[in-house]
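Enquirer: Sharing a structure, written as structure tokens. Questions coming.
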There are 2 protein chains.
Amino acid sequence: MNGQNSIDICLSPALYSYYAGRQDVCVVVVDVFRATTCMCAGLHAGVAGIVPVAGVAEAERMKAAGRIVAAERNVAKCGFADLGNSPFDYMQAWLRGQEVVMTTTNGTQAIALAREAGRLVAGAFVNLSRVVAFCEACGTDVQVLCAGWNNRVNVEDTLFAGALAGRLLQSGRFAATSDAVRMALSLWEAGKADLKTFLQGTEHLQRLLAHGLERDVDYCLTLDAAPALPVYDKPSGTLRAFQG
Amino acid sequence: MNGQNSIDICLSPALYSYYAGRQDVCVVVVDVFRATTCMCAGLHAGVAGIVPVAGVAEAERMKAAGRIVAAERNVAKCGFADLGNSPFDYMQAWLRGQEVVMTTTNGTQAIALAREAGRLVAGAFVNLSRVVAFCEACGTDVQVLCAGWNNRVNVEDTLFAGALAGRLLQSGRFAATSDAVRMALSLWEAGKADLKTFLQGTEHLQRLLAHGLERDVDYCLTLDAAPALPVYDKPSGTLRAFQG
């Protein structure tokens, strides 16, 4: 395994402490539906930075202080917020060059959990190739953290983790010994030919379709549709587009 | 969904609180390698009862008090114990009619976690058909609790969960809406044709093979090899063979 880094996958934030690696690990947080997809969509469309906050109260305080705020709980936009959790919200022209404060049901909690990692980036199907390239260049172990849904595992984040692991293992620079990686790779093999069909009947897809959000779903499942790489800057607590 | 019960799967003890259902749920604890396989093997061979305890210290006290004790940590038998965690240990003639106190790295912890459930049974590949029949007769929701490894998910317990879910869903009496069930079913579809080959390279299989335990592995993967159903009796804290 000379010269190889490891990749591991944590299927739920509640399992993070059992998977957390060394300080210099690169953590890829994924919340396909829809937080990390929104981050990619926003930064790709020219948003200057995204400030993830875990709590609604904190987001509300920042709104009162004059910040632009995106806030969602259980699929719906919070009343006080400027934006909800649709990637299309983040593509509006008036947001270019602005910073957006963001809180979502699962994704921003996962980021809060992993923000002490050596490197923290946001991954989704819409920026998969950028994440692959970043991990390959990183020179450290990689840890995928699936945001899940209220600490339950979900299919879409696990699929992304499998897709990423598959690409990294292919390169020969990574090795995996973890059962979670085996499980995610197997799921990706089963689903990769048609993600949307494979996801029929899954919990969060049902929830989004019930809210009339099929357009969001289609966007979230489009590979490399928003090739920006959100990287977390610790001092400022802000995700910004990686320039490289 | 009239007349249907639900089946759900918890991939790690650390996720149990996010999956735990109503009080009258039937929890199936699984630790394929090897705790729940041992329980089936023992009860099938005539052991009268198995008393799971979570801690080594408690097991040691019970040994000092004259009980027959099985104790294992990280694959190896504890020095003070009569038995380790091999299913063949439990088949010895001198154990017939005896009760065995048992503690293992993961399986007995999972049982401790779920012992307040309405019904608690131990499942493994060696008693799969008995578990299916019991769940079908139960009339309650079913919750599979995978013991995993130190709270990390593993392939073999997830495979069992997928096999059980597949059989229960086939019957038409059960429905599943959980993503965890989708993931386990997909894994089972990928692995069912040849479990041992599918498990090559997985964490716990490697660990067992490194200890020369291939015979245990083969036994643990044999469907219905020990068709006893360990049911947890709350007042006595003992797993006994279900008569029915």
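Quick note on naming: the chains in the structure tokens go A, B, ... in the order shown, residues restart at 1 in each chain, and ligands are numbered from 1 in order of appearance.
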When the cut-off is 8 Å and we count only C-alpha atoms, which residues of chain A are near chain B, given as number ranges by chain?

Expert: A: 14-15, 18-19, 150-155, 177-180, 182-183, 186-187, 190, 201-203

Enquirer: Do you know which residues are at most 12 Å from region 207-214 of chain A counting only C-alpha atoms, after dropping those on the same chain fewer than 6 positions away, and could you put them as JSON, numbers by chain?

Expert: {"A": [33, 34, 74, 75, 76, 77, 85, 86, 87, 88, 149, 196, 199, 200, 201, 220, 221], "B": [177]}

Enquirer: Next, dump the selected residues to file, keeping only C-alpha atoms, as a compact mmCIF listing (two decimals), in the first residue's frame.

Expert:
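The resulting selection-v4.txt:
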# COMPACT_ATOMS: atom_id res chain seq x y z
CA PHE A 33 -30.70 16.50 -1.53
CA ARG A 34 -29.93 19.41 -1.36
CA ASN A 74 -37.83 19.60 6.68
CA VAL A 75 -37.82 20.63 3.01
CA ALA A 76 -39.57 24.01 3.54
CA LYS A 77 -37.98 27.49 3.49
CA ASN A 85 -32.78 25.03 -0.01
CA SER A 86 -33.29 24.86 -3.77
CA PRO A 87 -30.16 25.07 -5.92
CA PHE A 88 -32.06 27.46 -8.18
CA TRP A 149 -31.59 12.48 7.34
CA LYS A 196 -33.35 8.65 -10.64
CA LEU A 199 -33.94 6.27 -6.16
CA GLN A 200 -37.66 5.76 -6.81
CA GLY A 201 -39.37 5.18 -3.50
CA CYS A 220 -29.11 17.34 -7.98
CA LEU A 221 -28.57 14.11 -9.94
CA THR B 177 -40.09 2.67 3.41

Enquirer: CA of Val100 (chain B) to CA of Thr238 (chain B): how many Å, to one decimal?

Expert: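 Computed distance, CA of Val100 (chain B) to CA of Thr238 (chain B), equals 9.3 Å.
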
Enquirer: Which one is closest to Glu136 (chain B): B:Ala20, B:Leu168, B:Ala54, B:Val30? Count only C-alpha atoms.

Expert: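 Closest candidate: B:Leu168.
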
Enquirer: Can you pull out every residue from region 46-190 of chain B that DSSP, working from the backbone, puts in strand (DSSP E), and format the result as a list in words?

Expert: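 Reading the DSSP output for region 46-190 of chain B, strand (DSSP E) covers Gly49, Ile50, Val51, Pro52, Ile68, Val69, Ala70, Ala71, Glu72, Arg73, Ala76, Lys77, Glu99, Val100, Val101, Met102, Thr103, Arg119, Leu120, Val121, Ala122, Gly123, Val142, Gln143, Val144, Leu145, Cys146, Phe174 and Ala175 of chain B.
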
Enquirer: Write out as a VMD selection string which residues come within 10 Å of region 35-42 of chain B when counting only C-alpha atoms, dropping same-chain ones fewer than 2 positions away.

Expert: chain B and resid 29 to 33 44 to 52 72 84 to 92 95 to 96 99 to 100 102 to 108 111 121 to 127 147 216 219 to 221 224 to 230 239 to 241

Enquirer: Which of these residues is nearest to Gln170 (chain A), using only C-alpha atoms: A:Val132, A:Cys78, A:Cys146, A:Ala137?

Expert: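 Checking each candidate against Gln170 (chain A), we get A:Val132 as the closest.
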
Enquirer: Among chain A, which residues does DSSP mark as alpha helix (DSSP H) when it is run on the backbone? Keep the chain and numbering as in the structure and answer as an MDAnalysis selection string.

Expert: chainID A and resid 16:19 35:44 56:64 107:114 128:138 155:170 179:191 195:198 203:210 214:220

Enquirer: Which value, in Å to one decimal, gives the distance between CA of Glu116 (chain A) and CA of Ala175 (chain A)?

Expert: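 Rounded to one decimal, the two atoms are 23.7 Å apart.
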
Enquirer: What is the CA of Gln23 (chain A) to CA of Gly237 (chain A) distance in Å?

Expert: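 Atom-to-atom, CA of Gln23 (chain A) to CA of Gly237 (chain A), that is 17.5 Å.
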
Enquirer: Which one of B:Ala110, B:Leu43, B:Ala165, B:Val101 sits closest to Ala64 (chain B) if you count only C-alpha atoms?

Expert: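 For Ala64 (chain B), the nearest of the given residues is B:Val101.
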